[in-house]
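S.K.: So I've got this file, work-v2.cif, and it contains mmCIF, C-alpha atoms:
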```
data_upload
#
loop_
_atom_site.label_atom_id
_atom_site.label_comp_id
_atom_site.auth_asym_id
_atom_site.auth_seq_id
_atom_site.Cartn_x
_atom_site.Cartn_y
_atom_site.Cartn_z
CA MET A 1 -70.79 -37.63 38.84
CA THR A 2 -69.54 -35.28 41.54
CA GLU A 3 -68.75 -31.78 40.41
CA GLU A 4 -65.58 -30.05 41.58
CA ARG A 5 -65.11 -26.32 41.49
CA ASP A 6 -62.06 -24.70 39.95
CA PRO A 7 -60.85 -21.66 41.91
CA ALA A 8 -59.45 -20.27 38.67
CA ALA A 9 -62.92 -19.92 37.17
CA THR A 10 -65.67 -18.00 38.92
CA PRO A 11 -68.93 -16.38 37.86
CA THR A 12 -69.22 -12.63 37.96
CA GLY A 13 -70.58 -12.83 41.48
CA GLY A 14 -67.01 -13.57 42.62
CA VAL A 15 -65.22 -11.08 40.33
CA PRO A 16 -66.04 -7.35 40.32
CA VAL A 17 -67.08 -6.24 36.85
CA SER A 18 -66.96 -2.47 36.71
CA ARG A 19 -67.60 -1.97 32.99
CA ARG A 20 -69.03 -5.09 31.43
CA ARG A 21 -72.43 -6.09 32.75
CA LEU A 22 -73.96 -9.41 31.87
CA LEU A 23 -77.74 -9.72 31.67
CA GLY A 24 -79.22 -12.99 32.78
CA THR A 25 -76.42 -14.06 35.09
CA ALA A 26 -78.80 -16.14 37.13
CA GLY A 27 -77.42 -19.08 35.19
CA ALA A 28 -73.79 -18.15 35.80
CA VAL A 29 -73.30 -20.95 38.29
CA GLY A 30 -74.03 -23.36 35.45
CA ALA A 31 -71.11 -21.95 33.51
CA THR A 32 -68.61 -22.90 36.17
CA GLY A 33 -69.69 -26.49 35.78
CA LEU A 34 -67.57 -26.63 32.63
CA VAL A 35 -64.42 -25.89 34.63
CA VAL A 36 -63.44 -28.55 37.14
CA GLY A 37 -60.32 -29.01 39.22
CA GLY A 38 -57.64 -31.59 38.46
CA ALA A 39 -55.32 -33.36 40.86
CA ALA A 40 -53.67 -30.89 43.24
CA GLY A 41 -55.22 -28.04 41.29
CA ALA A 42 -52.97 -28.85 38.37
CA ALA A 43 -55.48 -28.82 35.57
CA THR A 44 -59.04 -28.39 34.39
CA ALA A 45 -61.25 -30.66 32.36
CA GLU A 46 -64.55 -30.66 30.55
CA ALA A 47 -66.29 -33.35 32.58
CA VAL A 48 -69.57 -32.15 34.10
CA ARG A 49 -72.94 -33.59 34.95
CA GLU A 50 -74.53 -34.80 31.74
CA ASP A 51 -77.97 -33.68 32.88
CA ALA A 52 -76.89 -30.04 33.39
CA PRO A 53 -76.15 -28.38 30.04
CA THR A 54 -74.65 -24.91 30.18
CA ALA A 55 -77.17 -22.12 29.72
CA LEU A 56 -76.02 -19.82 26.94
CA THR A 57 -76.92 -16.75 29.02
CA SER A 58 -74.30 -17.79 31.58
CA LEU A 59 -71.30 -17.83 29.26
CA GLY A 60 -70.29 -14.24 29.83
CA GLY A 61 -70.20 -14.64 33.58
CA THR A 62 -67.23 -16.97 33.86
CA ALA A 63 -63.81 -15.51 34.71
CA VAL A 64 -60.49 -17.37 34.68
CA GLY A 65 -57.87 -16.13 37.14
CA PHE A 66 -54.70 -14.70 35.63
CA ARG A 67 -52.66 -15.90 38.64
CA ALA A 68 -55.04 -18.48 40.13
CA GLU A 69 -52.94 -21.51 39.20
CA ARG A 70 -49.22 -22.13 38.96
CA GLN A 71 -49.44 -22.55 35.19
CA GLN A 72 -50.59 -19.80 32.88
CA PRO A 73 -54.27 -19.82 31.91
CA GLY A 74 -55.13 -21.17 28.47
CA ILE A 75 -53.23 -24.45 28.79
CA THR A 76 -55.66 -26.63 30.72
CA THR A 77 -58.61 -24.23 30.51
CA PRO A 78 -61.57 -25.83 28.66
CA LEU A 79 -61.63 -24.97 24.97
CA GLN A 80 -63.21 -21.60 24.26
CA ALA A 81 -65.39 -20.71 21.28
CA ARG A 82 -63.01 -18.10 19.83
CA GLY A 83 -59.24 -17.85 19.66
CA HIS A 84 -56.47 -15.62 18.34
CA LEU A 85 -52.82 -16.58 17.99
CA ALA A 86 -50.21 -13.90 17.35
CA ALA A 87 -46.43 -13.65 17.23
CA PHE A 88 -44.45 -10.43 17.64
CA ASP A 89 -40.86 -9.56 16.85
CA LEU A 90 -39.00 -7.01 18.95
CA ALA A 91 -38.43 -3.78 17.04
CA PRO A 92 -34.86 -2.76 16.13
CA GLY A 93 -33.25 -1.21 19.18
CA ALA A 94 -35.64 -2.81 21.66
CA ASP A 95 -33.42 -4.36 24.33
CA ARG A 96 -34.03 -6.65 27.29
CA LYS A 97 -35.27 -3.81 29.46
CA ALA A 98 -37.79 -2.74 26.83
CA ALA A 99 -38.98 -6.33 26.45
CA ALA A 100 -39.45 -6.67 30.21
CA ALA A 101 -41.42 -3.42 30.29
CA LEU A 102 -43.67 -4.72 27.51
CA LEU A 103 -44.30 -7.98 29.35
CA ARG A 104 -45.17 -5.98 32.45
CA ARG A 105 -47.71 -3.93 30.48
CA TRP A 106 -49.13 -6.99 28.77
CA SER A 107 -49.51 -8.86 32.06
CA ALA A 108 -51.31 -5.95 33.70
CA THR A 109 -53.69 -5.57 30.76
CA ALA A 110 -54.38 -9.32 30.53
CA GLU A 111 -55.17 -9.50 34.24
CA ARG A 112 -57.65 -6.63 34.02
CA LEU A 113 -59.42 -7.92 30.93
CA MET A 114 -59.64 -11.49 32.25
CA ALA A 115 -61.36 -10.11 35.36
CA GLY A 116 -63.88 -8.26 33.20
CA GLU A 117 -62.40 -4.85 33.88
CA PRO A 118 -61.62 -2.17 31.28
CA GLU A 119 -58.15 -1.27 30.09
CA ALA A 120 -56.29 1.11 32.37
CA GLY A 121 -56.83 4.85 31.97
CA ASP A 122 -59.06 6.25 29.26
CA GLY A 123 -57.68 4.09 26.50
CA ASP A 124 -60.32 1.37 26.43
CA THR A 125 -61.68 0.97 22.90
CA GLY A 126 -65.15 -0.08 24.06
CA ILE A 127 -65.13 -3.13 21.79
CA ALA A 128 -66.35 -5.43 24.57
CA LEU A 129 -68.66 -3.03 26.41
CA ASP A 130 -71.59 -4.78 28.14
CA ALA A 131 -69.95 -8.23 27.97
CA GLY A 132 -68.70 -10.27 30.90
CA PRO A 133 -65.21 -11.81 30.97
CA SER A 134 -66.50 -14.78 28.94
CA SER A 135 -63.75 -17.20 30.08
CA LEU A 136 -61.09 -14.96 28.53
CA THR A 137 -57.54 -16.29 28.81
CA VAL A 138 -54.29 -14.72 27.66
CA THR A 139 -51.12 -16.83 27.47
CA PHE A 140 -47.59 -15.58 26.74
CA GLY A 141 -44.53 -17.42 25.42
CA PHE A 142 -40.99 -16.85 24.15
CA GLY A 143 -39.59 -17.99 20.81
CA ARG A 144 -35.98 -19.05 20.31
CA SER A 145 -35.10 -15.77 18.59
CA PHE A 146 -36.18 -13.76 21.66
CA PHE A 147 -33.12 -14.83 23.63
CA GLY A 148 -30.60 -13.69 21.06
CA ARG A 149 -32.29 -10.32 20.61
CA THR A 150 -32.28 -9.64 24.35
CA GLY A 151 -28.82 -10.96 25.20
CA LEU A 152 -30.27 -13.87 27.17
CA THR A 153 -28.90 -16.77 25.15
CA ASP A 154 -27.29 -18.24 28.26
CA ARG A 155 -30.79 -18.70 29.71
CA MET A 156 -32.41 -20.25 26.66
CA PRO A 157 -33.80 -23.74 27.43
CA GLU A 158 -32.32 -26.69 25.55
CA ALA A 159 -35.88 -27.83 24.89
CA LEU A 160 -36.33 -24.77 22.66
CA ALA A 161 -34.02 -26.24 20.01
CA PRO A 162 -35.38 -25.85 16.47
CA LEU A 163 -37.92 -28.47 15.46
CA PRO A 164 -36.58 -30.94 12.88
CA ASP A 165 -37.70 -30.79 9.27
CA PHE A 166 -40.53 -33.13 8.31
CA SER A 167 -41.05 -34.37 4.77
CA ALA A 168 -44.66 -33.19 4.66
CA ASP A 169 -43.80 -29.63 5.73
CA ALA A 170 -44.52 -26.74 3.38
CA LEU A 171 -43.84 -24.00 5.89
CA ASP A 172 -44.18 -20.30 5.24
CA PRO A 173 -41.44 -18.55 7.29
CA ARG A 174 -43.48 -15.34 7.35
CA ARG A 175 -46.16 -17.13 9.37
CA SER A 176 -43.82 -19.17 11.55
CA ASN A 177 -41.84 -18.64 14.78
CA GLY A 178 -41.43 -15.17 16.34
CA ASP A 179 -39.84 -13.55 19.39
CA LEU A 180 -42.99 -13.36 21.51
CA TRP A 181 -46.15 -15.47 21.24
CA VAL A 182 -49.64 -14.68 22.51
CA GLN A 183 -52.61 -17.03 22.69
CA ILE A 184 -56.05 -15.53 23.37
CA GLY A 185 -59.21 -17.53 23.99
CA ALA A 186 -62.74 -16.48 24.98
CA ASP A 187 -66.33 -17.62 24.61
CA ASP A 188 -67.30 -14.30 23.00
CA ALA A 189 -65.81 -13.06 19.74
CA LEU A 190 -65.79 -9.40 20.74
CA VAL A 191 -64.15 -10.13 24.10
CA ALA A 192 -61.42 -12.11 22.32
CA PHE A 193 -60.84 -9.40 19.69
CA HIS A 194 -60.81 -6.70 22.37
CA ALA A 195 -57.96 -8.48 24.14
CA LEU A 196 -56.03 -8.90 20.88
CA ARG A 197 -56.46 -5.25 20.01
CA ALA A 198 -55.43 -4.12 23.50
CA LEU A 199 -52.20 -6.14 23.40
CA GLN A 200 -51.36 -4.93 19.90
CA ARG A 201 -51.74 -1.34 21.05
CA GLU A 202 -49.68 -1.97 24.19
CA ALA A 203 -46.84 -3.29 22.03
CA GLY A 204 -46.31 0.28 20.83
CA ASP A 205 -42.83 0.83 19.43
CA THR A 206 -41.36 -2.16 21.29
CA ALA A 207 -42.65 -5.03 19.16
CA ARG A 208 -44.14 -5.48 15.73
CA LEU A 209 -46.72 -8.04 14.71
CA ARG A 210 -45.11 -10.90 12.77
CA TRP A 211 -48.21 -13.02 12.12
CA GLN A 212 -51.71 -13.48 13.48
CA MET A 213 -54.27 -16.28 13.09
CA ASN A 214 -57.93 -16.58 14.07
CA GLY A 215 -59.67 -19.73 15.25
CA PHE A 216 -62.94 -21.06 16.60
CA ASN A 217 -64.51 -24.03 18.34
CA ARG A 218 -68.00 -25.12 19.20
CA THR A 219 -69.64 -22.75 21.68
CA PRO A 220 -70.07 -24.27 25.15
CA GLY A 221 -73.75 -25.01 25.63
CA ALA A 222 -74.37 -25.70 21.94
CA THR A 223 -74.81 -29.42 22.67
CA ALA A 224 -77.20 -31.05 25.10
CA ARG A 225 -74.24 -32.18 27.19
CA PRO A 226 -70.51 -31.40 27.11
CA MET A 227 -68.81 -33.44 24.40
CA THR A 228 -65.36 -33.81 22.88
CA ALA A 229 -64.84 -31.21 20.15
CA ARG A 230 -65.04 -31.99 16.43
CA ASN A 231 -62.69 -30.69 13.77
CA LEU A 232 -63.59 -29.47 10.28
CA MET A 233 -63.42 -33.02 8.95
CA GLY A 234 -66.33 -33.79 11.25
CA GLN A 235 -64.22 -36.10 13.40
CA VAL A 236 -64.29 -36.19 17.19
CA ASP A 237 -60.87 -34.75 18.04
CA GLY A 238 -59.16 -34.99 21.42
CA THR A 239 -60.48 -38.24 22.90
CA ASN A 240 -57.03 -39.65 23.63
CA ASN A 241 -55.64 -36.49 25.21
CA PRO A 242 -53.81 -36.94 28.54
CA LYS A 243 -56.31 -36.51 31.37
CA PRO A 244 -55.73 -34.39 34.49
CA ALA A 245 -56.52 -37.46 36.56
CA ASP A 246 -53.65 -39.40 34.97
CA PRO A 247 -50.85 -39.87 37.51
CA ASP A 248 -48.25 -38.66 35.01
CA PHE A 249 -50.27 -35.73 33.63
CA ARG A 250 -48.11 -32.98 35.12
CA GLN A 251 -44.94 -34.86 34.25
CA ARG A 252 -45.96 -34.98 30.59
CA VAL A 253 -47.35 -31.46 30.26
CA PHE A 254 -45.41 -29.23 32.69
CA VAL A 255 -41.71 -28.67 33.38
CA GLY A 256 -40.61 -30.18 36.69
CA ASP A 257 -39.16 -28.18 39.57
CA GLY A 258 -35.68 -29.67 39.20
CA ALA A 259 -35.39 -29.06 35.47
CA ALA A 260 -33.18 -26.42 33.91
CA PRO A 261 -33.51 -23.55 33.49
CA SER A 262 -35.21 -22.85 36.82
CA TRP A 263 -37.32 -19.98 35.45
CA MET A 264 -39.29 -22.55 33.39
CA ALA A 265 -40.25 -24.72 36.38
CA GLY A 266 -44.02 -25.10 36.26
CA GLY A 267 -44.17 -23.87 32.66
CA SER A 268 -44.71 -25.76 29.43
CA TYR A 269 -43.70 -25.78 25.77
CA ALA A 270 -46.20 -25.04 23.00
CA VAL A 271 -45.83 -26.37 19.47
CA VAL A 272 -48.03 -24.34 17.13
CA ARG A 273 -48.82 -25.56 13.61
CA ARG A 274 -51.20 -24.20 10.97
CA ILE A 275 -52.47 -27.35 9.27
CA ARG A 276 -54.64 -26.92 6.19
CA MET A 277 -57.12 -29.70 5.56
CA LEU A 278 -57.81 -30.80 1.99
CA LEU A 279 -61.53 -30.84 2.71
CA ASP A 280 -62.71 -31.27 -0.88
CA SER A 281 -60.65 -34.44 -1.23
CA TRP A 282 -61.69 -35.65 2.22
CA ASP A 283 -65.40 -35.09 1.57
CA HIS A 284 -65.21 -37.29 -1.54
CA LEU A 285 -64.33 -40.31 0.61
CA SER A 286 -67.13 -42.56 1.74
CA LEU A 287 -67.99 -42.68 5.43
CA ALA A 288 -66.37 -46.10 5.71
CA GLN A 289 -63.18 -44.83 4.06
CA GLN A 290 -63.01 -41.81 6.37
CA GLU A 291 -63.44 -44.00 9.43
CA LYS A 292 -60.71 -46.37 8.21
CA VAL A 293 -58.28 -43.45 7.78
CA ILE A 294 -58.95 -42.21 11.32
CA GLY A 295 -59.58 -45.53 13.08
CA ARG A 296 -62.72 -44.28 14.84
CA ARG A 297 -66.42 -44.09 14.07
CA LYS A 298 -67.40 -40.65 12.89
CA LYS A 299 -70.75 -40.65 14.67
CA ASP A 300 -69.52 -41.07 18.23
CA GLY A 301 -65.71 -41.30 18.14
CA ALA A 302 -65.63 -44.93 19.26
CA PRO A 303 -62.56 -46.90 18.09
CA LEU A 304 -63.11 -49.39 15.30
CA SER A 305 -61.82 -52.05 17.70
CA GLY A 306 -65.11 -51.71 19.58
CA GLY A 307 -66.70 -49.99 22.56
CA THR A 308 -67.55 -46.33 23.12
CA GLU A 309 -65.53 -43.14 22.60
CA HIS A 310 -63.45 -43.58 25.74
CA THR A 311 -62.91 -47.33 25.41
CA PRO A 312 -59.15 -47.97 25.16
CA VAL A 313 -58.08 -48.62 21.59
CA ARG A 314 -57.20 -52.28 20.93
CA LEU A 315 -54.49 -52.16 18.32
CA ASP A 316 -54.30 -55.96 18.15
CA LYS A 317 -58.02 -56.49 17.49
CA ILE A 318 -58.77 -58.63 14.41
CA SER A 319 -62.00 -58.06 12.53
CA PRO A 320 -64.38 -60.88 11.47
CA GLU A 321 -62.82 -60.56 8.00
CA GLY A 322 -59.46 -61.58 9.47
CA VAL A 323 -57.73 -58.18 9.15
CA LEU A 324 -56.74 -55.57 11.70
CA ALA A 325 -59.83 -53.74 12.94
CA ILE A 326 -57.72 -50.58 13.00
CA ALA A 327 -55.68 -50.32 9.81
CA GLY A 328 -51.90 -50.21 9.92
CA ASP A 329 -51.81 -46.58 8.75
CA ALA A 330 -54.88 -45.39 10.70
CA HIS A 331 -54.28 -42.11 12.46
CA VAL A 332 -55.15 -43.40 15.95
CA ARG A 333 -52.71 -46.29 15.55
CA VAL A 334 -49.78 -44.22 14.30
CA ALA A 335 -50.33 -41.46 16.88
CA ALA A 336 -51.04 -43.73 19.86
CA PRO A 337 -48.60 -43.53 22.80
CA GLU A 338 -48.23 -47.32 22.50
CA SER A 339 -46.81 -46.76 19.03
CA ASN A 340 -44.46 -44.01 20.16
CA GLN A 341 -42.81 -45.34 23.31
CA GLY A 342 -45.32 -43.53 25.49
CA ALA A 343 -44.86 -40.10 23.87
CA ALA A 344 -47.90 -37.91 24.46
CA MET A 345 -48.91 -34.25 24.45
CA LEU A 346 -51.94 -32.19 25.46
CA ARG A 347 -53.61 -30.96 22.26
CA ARG A 348 -55.72 -27.81 22.58
CA PRO A 349 -56.50 -26.64 19.03
CA PHE A 350 -58.75 -24.18 17.26
CA SER A 351 -60.28 -24.66 13.81
CA TYR A 352 -59.81 -21.90 11.24
CA HIS A 353 -61.35 -20.77 7.95
CA ASP A 354 -59.59 -18.01 6.01
CA GLY A 355 -61.80 -17.89 2.93
CA PHE A 356 -61.10 -19.76 -0.30
CA ARG A 357 -58.05 -20.44 -2.41
CA PRO A 358 -57.74 -19.53 -6.11
CA ASP A 359 -58.91 -23.03 -7.07
CA GLY A 360 -62.07 -22.63 -4.99
CA ALA A 361 -60.97 -24.99 -2.24
CA PRO A 362 -61.54 -23.79 1.33
CA ASP A 363 -58.48 -22.38 3.09
CA ALA A 364 -59.45 -24.08 6.31
CA GLY A 365 -58.10 -26.51 8.83
CA LEU A 366 -56.60 -26.68 12.29
CA LEU A 367 -54.56 -24.30 14.42
CA PHE A 368 -52.78 -27.13 16.19
CA ILE A 369 -51.44 -26.31 19.66
CA ALA A 370 -49.68 -29.05 21.60
CA TRP A 371 -48.47 -28.65 25.18
CA GLN A 372 -45.70 -30.76 26.69
CA ALA A 373 -42.89 -30.70 29.22
CA ASP A 374 -40.33 -31.44 26.49
CA PRO A 375 -41.05 -31.24 22.74
CA MET A 376 -38.38 -33.86 22.03
CA LYS A 377 -40.37 -36.31 24.15
CA GLY A 378 -43.82 -35.14 23.08
CA PHE A 379 -44.44 -33.63 19.67
CA VAL A 380 -41.28 -34.61 17.78
CA PRO A 381 -41.39 -38.43 18.07
CA VAL A 382 -45.11 -38.53 17.32
CA GLN A 383 -44.81 -36.22 14.31
CA ARG A 384 -41.89 -38.22 12.96
CA LYS A 385 -44.06 -41.34 13.08
CA LEU A 386 -46.99 -39.53 11.45
CA ASP A 387 -44.67 -38.14 8.80
CA ARG A 388 -43.66 -41.66 7.78
CA GLY A 389 -46.89 -43.62 7.75
CA ASP A 390 -50.09 -41.79 8.68
CA GLY A 391 -52.97 -42.29 6.26
CA LEU A 392 -54.45 -38.96 7.30
CA SER A 393 -51.35 -37.07 6.12
CA ARG A 394 -52.56 -37.35 2.51
CA PHE A 395 -55.30 -34.88 3.41
CA LEU A 396 -53.20 -32.38 5.39
CA ARG A 397 -50.69 -29.62 4.62
CA HIS A 398 -48.48 -28.21 7.39
CA GLU A 399 -48.05 -24.56 6.36
CA ALA A 400 -46.73 -22.75 9.44
CA SER A 401 -44.91 -23.77 12.60
CA GLY A 402 -43.53 -22.40 15.84
CA LEU A 403 -42.15 -23.56 19.18
CA PHE A 404 -42.46 -21.40 22.27
CA ALA A 405 -41.34 -21.60 25.89
CA VAL A 406 -44.31 -20.69 28.10
CA PRO A 407 -43.21 -19.85 31.65
CA PRO A 408 -45.44 -20.34 34.70
CA ALA A 409 -48.05 -17.81 35.71
CA ALA A 410 -46.96 -14.43 37.01
CA GLU A 411 -46.42 -14.14 40.74
CA ARG A 412 -48.50 -11.63 42.64
CA GLY A 413 -47.34 -8.09 41.90
CA SER A 414 -45.09 -9.28 39.06
CA TYR A 415 -45.39 -10.16 35.37
CA VAL A 416 -45.08 -13.20 33.15
CA GLY A 417 -41.44 -14.10 32.55
CA ALA A 418 -40.06 -11.92 35.35
CA PRO A 419 -37.75 -14.66 36.72
CA LEU A 420 -36.07 -14.83 33.30
CA HIS A 421 -35.22 -11.14 33.40
CA ARG A 422 -34.87 -10.52 37.11
CA TYR A 423 -31.24 -11.24 37.94
CA GLU A 424 -28.27 -10.50 35.71
CA PRO A 425 -24.67 -10.34 36.90
CA LEU A 426 -23.25 -6.98 35.83
CA HIS A 427 -19.79 -6.95 37.36
CA ARG A 428 -17.98 -8.37 40.32
CA VAL A 429 -17.60 -6.10 43.32
CA ARG A 430 -14.87 -6.74 45.89
CA LEU A 431 -16.07 -6.80 49.47
CA PRO A 432 -14.32 -4.68 52.13
CA GLY A 433 -11.26 -6.41 53.54
CA ASP A 434 -10.89 -8.67 50.55
CA GLU A 435 -7.28 -7.71 49.85
CA GLU A 436 -5.53 -9.89 47.35
CA GLN A 437 -3.33 -12.58 48.90
CA PRO A 438 -1.45 -15.12 46.85
CA GLY A 439 -3.19 -18.49 46.81
CA VAL A 440 -6.26 -17.20 48.70
CA ARG A 441 -9.70 -16.86 47.01
CA ARG A 442 -11.76 -14.08 48.57
CA PRO A 443 -15.57 -13.84 48.41
CA VAL A 444 -17.01 -11.48 45.85
CA ARG A 445 -20.57 -10.51 45.13
CA ALA A 446 -22.34 -9.97 41.84
CA GLU A 447 -24.46 -6.87 41.63
CA THR A 448 -27.88 -7.47 40.17
CA VAL A 449 -30.44 -5.43 38.33
CA VAL A 450 -34.21 -5.81 38.60
CA VAL A 451 -36.41 -4.68 35.74
#
```
Could I get this structure in the form of C-alpha cells?

M.R.:
Amino acid sequence: MTEERDPAATPTGGVPVSRRRLLGTAGAVGATGLVVGGAAGAATAEAVREDAPTALTSLGGTAVGFRAERQQPGITTPLQARGHLAAFDLAPGADRKAAAALLRRWSATAERLMAGEPEAGDGDTGIALDAGPSSLTVTFGFGRSFFGRTGLTDRMPEALAPLPDFSADALDPRRSNGDLWVQIGADDALVAFHALRALQREAGDTARLRWQMNGFNRTPGATARPMTARNLMGQVDGTNNPKPADPDFRQRVFVGDGAAPSWMAGGSYAVVRRIRMLLDSWDHLSLAQQEKVIGRRKKDGAPLSGGTEHTPVRLDKISPEGVLAIAGDAHVRVAAPESNQGAAMLRRPFSYHDGFRPDGAPDAGLLFIAWQADPMKGFVPVQRKLDRGDGLSRFLRHEASGLFAVPPAAERGSYVGAPLHRYEPLHRVRLPGDEEQPGVRRPVRAETVVV
C-alpha cells in the first residue's frame, strides 16, 4: 500500500516546539503514517502500511495544523486516544462583539497549543510541560441559541433546526445543546486537559460552562497494525463510515460552496449524543446473540452475510437454515444507507466511563459525534429508522443531545467564525449627489463593522 502524507499533520521536526520537548522522536516519522491525505486534501484516514505499527514514543511528535485544511481539524483527523467535549453559554450581557472577541482568543490559543507552543504570555499552567503536540485538535461550533443571543438570527442556517423528538430519548436538558461547542482531541491525556483548561480560562466573563464530557479511544500503536476502533460493547465500530476516497464523501460530510448561508461553505454539522450502554444486560447475552443484534462477527467485524470486515454487507443473503443471515432488526441492516435512501454520516465517537450508578451498573457508553452536510439528510432519517426497529436500541439510552454548526477553518490572520460576524449593515448612507427625485432610485451604501 502506498503511503500518502497529510500536510496537516507533521512531526515535531516540521513544527517548532519551544516549550514541550519530546524524547525519542526518532520514531516521529512513523506517527505521521497514521494520517494520510484524502482526495483533493479533503480528508484523512487511518489506512497505513500494515507492517509498520506506530511506535509509542512517536505519538507526541505529531502536530495537526489549525489552518492546514479548509475544514476545521478534528472532523477527519484520525481518532485520538483522549477527548473532551464542552458547551458554553454566553454570560448575561455578552453581546456579538464580546462573542467575536472570545472566538478570536480561543482561535489564537488553539493554534498555539496545536503547534506545541505554550499559551501566550505568562499564563501557561504547565500542565503539558515536556509533551509534544500529540495530535491535538480543537474544533469550534455554534448552537442554535447562539444566534438569538448575539442578534444574528437572520444568519442562522436552516439546517440548525431543532432535532425531532425520538421515542427512545431520555434527554437531560442540562447536558444538552449550548451556545458554543468545543471538541478537543489528543493522544495524550495531559495535552488534552491542558487545552480544555486553557479554553475555560480564556472564556473569562464572556461565557460560562454549560456541560462537559470526557472520552477515550484506543491509543494509536496499541495494536500490531491500525484497526477500526471498538466500543465498550467490544464491537468493531466504524467499518461502514463514509471513506475519503468515496466520490461523494465531501458532498455528504461538508457544506457545498453554493449552499446558504455562505459563511458555512466548507463547514459541517455535528450531532452530539451521550448514549449510555446497558453493559450488564449486554454482557449477559451469548456471543451468538450479540452478533445477531449487531449483524457482524465480534472477533473481526465481518458481516454475518460473509467475507471480511470490509466486505459489503449482503442484506439479501439467506443462511443455510433458510433465514436472513442478517436479522431484520440487526443494527447494520437498520442503519445501512441502503435501508435509509442513501443517508449517511461520518461517525467519530469517543467512549466514556463516568463511574457507577446507584444500582452498581457502569455509567458508561458512547459520546456519539456524527458529521454531515445536512442533519436532515444524515442523522435524522437514520435515527428515525433506528428508533423504530433497531435491536440494539434495547441496550442503549440516549441521555444528552446537541446540534452544532461548525464553520470552516479560520483563514490566515483571522479566527473561526469570522465570516459570520464580519459584515453587518448598520444604516444606509446616502452618497453625494444622490438627491431625491420622484420615481428615481439612487444608489446607497451600507456601512459595515468588522470585529

S.K.: What does the PyMOL selection byres ((chain A and resi 269) around 6) select in this file, as a ChimeraX atom specification?

M.R.: /A:268,270,371-372,404-406

S.K.: Which polymer residues have any atom within 12 Å of an atom of Val138 of chain A, counting all atoms listed in the file, with same-chain residues fewer than 2 positions away left out, as an MDAnalysis selection string?

M.R.: chainID A and resid 63:67 71:75 77 80 83:86 106:115 133 135:136 140:141 181:186 191:196 198:199 406 409:410 416

S.K.: Using atom CA of Ala327 of chain A and atom CA of Pro303 of chain A as the two end points, give the distance in Å to one decimal.

M.R.: 11.3 Å

S.K.: Which residues are close to Lys298 of chain A, i.e. within 12 Å by all atoms listed in the file, leaving aside same-chain residues fewer than 5 positions away? Reply as a CSV table (one decimal) with C-alpha atoms, in the frame of the given file.

M.R.:
```
chain,number,residue,atom,x,y,z
A,230,ARG,CA,-65.0,-32.0,16.4
A,231,ASN,CA,-62.7,-30.7,13.8
A,233,MET,CA,-63.4,-33.0,9.0
A,234,GLY,CA,-66.3,-33.8,11.2
A,235,GLN,CA,-64.2,-36.1,13.4
A,236,VAL,CA,-64.3,-36.2,17.2
A,237,ASP,CA,-60.9,-34.8,18.0
A,286,SER,CA,-67.1,-42.6,1.7
A,287,LEU,CA,-68.0,-42.7,5.4
A,288,ALA,CA,-66.4,-46.1,5.7
A,289,GLN,CA,-63.2,-44.8,4.1
A,290,GLN,CA,-63.0,-41.8,6.4
A,291,GLU,CA,-63.4,-44.0,9.4
A,292,LYS,CA,-60.7,-46.4,8.2
A,293,VAL,CA,-58.3,-43.4,7.8
A,303,PRO,CA,-62.6,-46.9,18.1
A,304,LEU,CA,-63.1,-49.4,15.3
A,308,THR,CA,-67.6,-46.3,23.1
A,309,GLU,CA,-65.5,-43.1,22.6
```

S.K.: Do you know which residues the PyMOL selection byres ((chain A and resi 341-357) around 8) returns on this file, as a PyMOL selection string?

M.R.: chain A and resi 75+79+82-83+214-217+231-232+238+241-242+252-253+337-340+358-372+377-379+381-382

S.K.: Suppose a student applies the PyMOL selection byres ((chain A and resi 94) around 9) to this structure; what residues should they get, written as a PyMOL selection string?

M.R.: chain A and resi 90-93+95-99+149-150+205-207

S.K.: Return the single residue from A:Arg201, A:His421, A:Arg250, A:Arg175 that is closest to Arg70 of chain A, with distances computed using only C-alpha atoms.

M.R.: A:Arg250

S.K.: Which is closer to Gly402 of chain A than all the others in A:Gly417, A:Gly60, A:Pro162, A:Pro78, using only C-alpha atoms?

M.R.: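 Among A:Gly417, A:Gly60, A:Pro162, A:Pro78, it is A:Pro162 that comes nearest to Gly402 of chain A.
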
S.K.: What is the distance, in Å and to one decimal place, between atom CA of Ala418 of chain A and atom CA of Gly151 of chain A?

M.R.: 15.2 Å

S.K.: Restricting the calculation to only C-alpha atoms, which member of A:Pro157, A:Asp390, A:Thr139, A:Arg105 is positioned closest to Glu119 of chain A?

M.R.: A:Arg105

S.K.: Figure out the distance between atom CA of Thr219 of chain A and atom CA of Gly132 of chain A, please, to one decimal in Å.

M.R.: 15.5 Å

S.K.: Which one of A:Gly295, A:Pro173, A:Gly306, A:Gly126 sits closest to Arg197 of chain A if you count all atoms listed in the file?

M.R.: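 The closest residue to Arg197 of chain A is A:Gly126.
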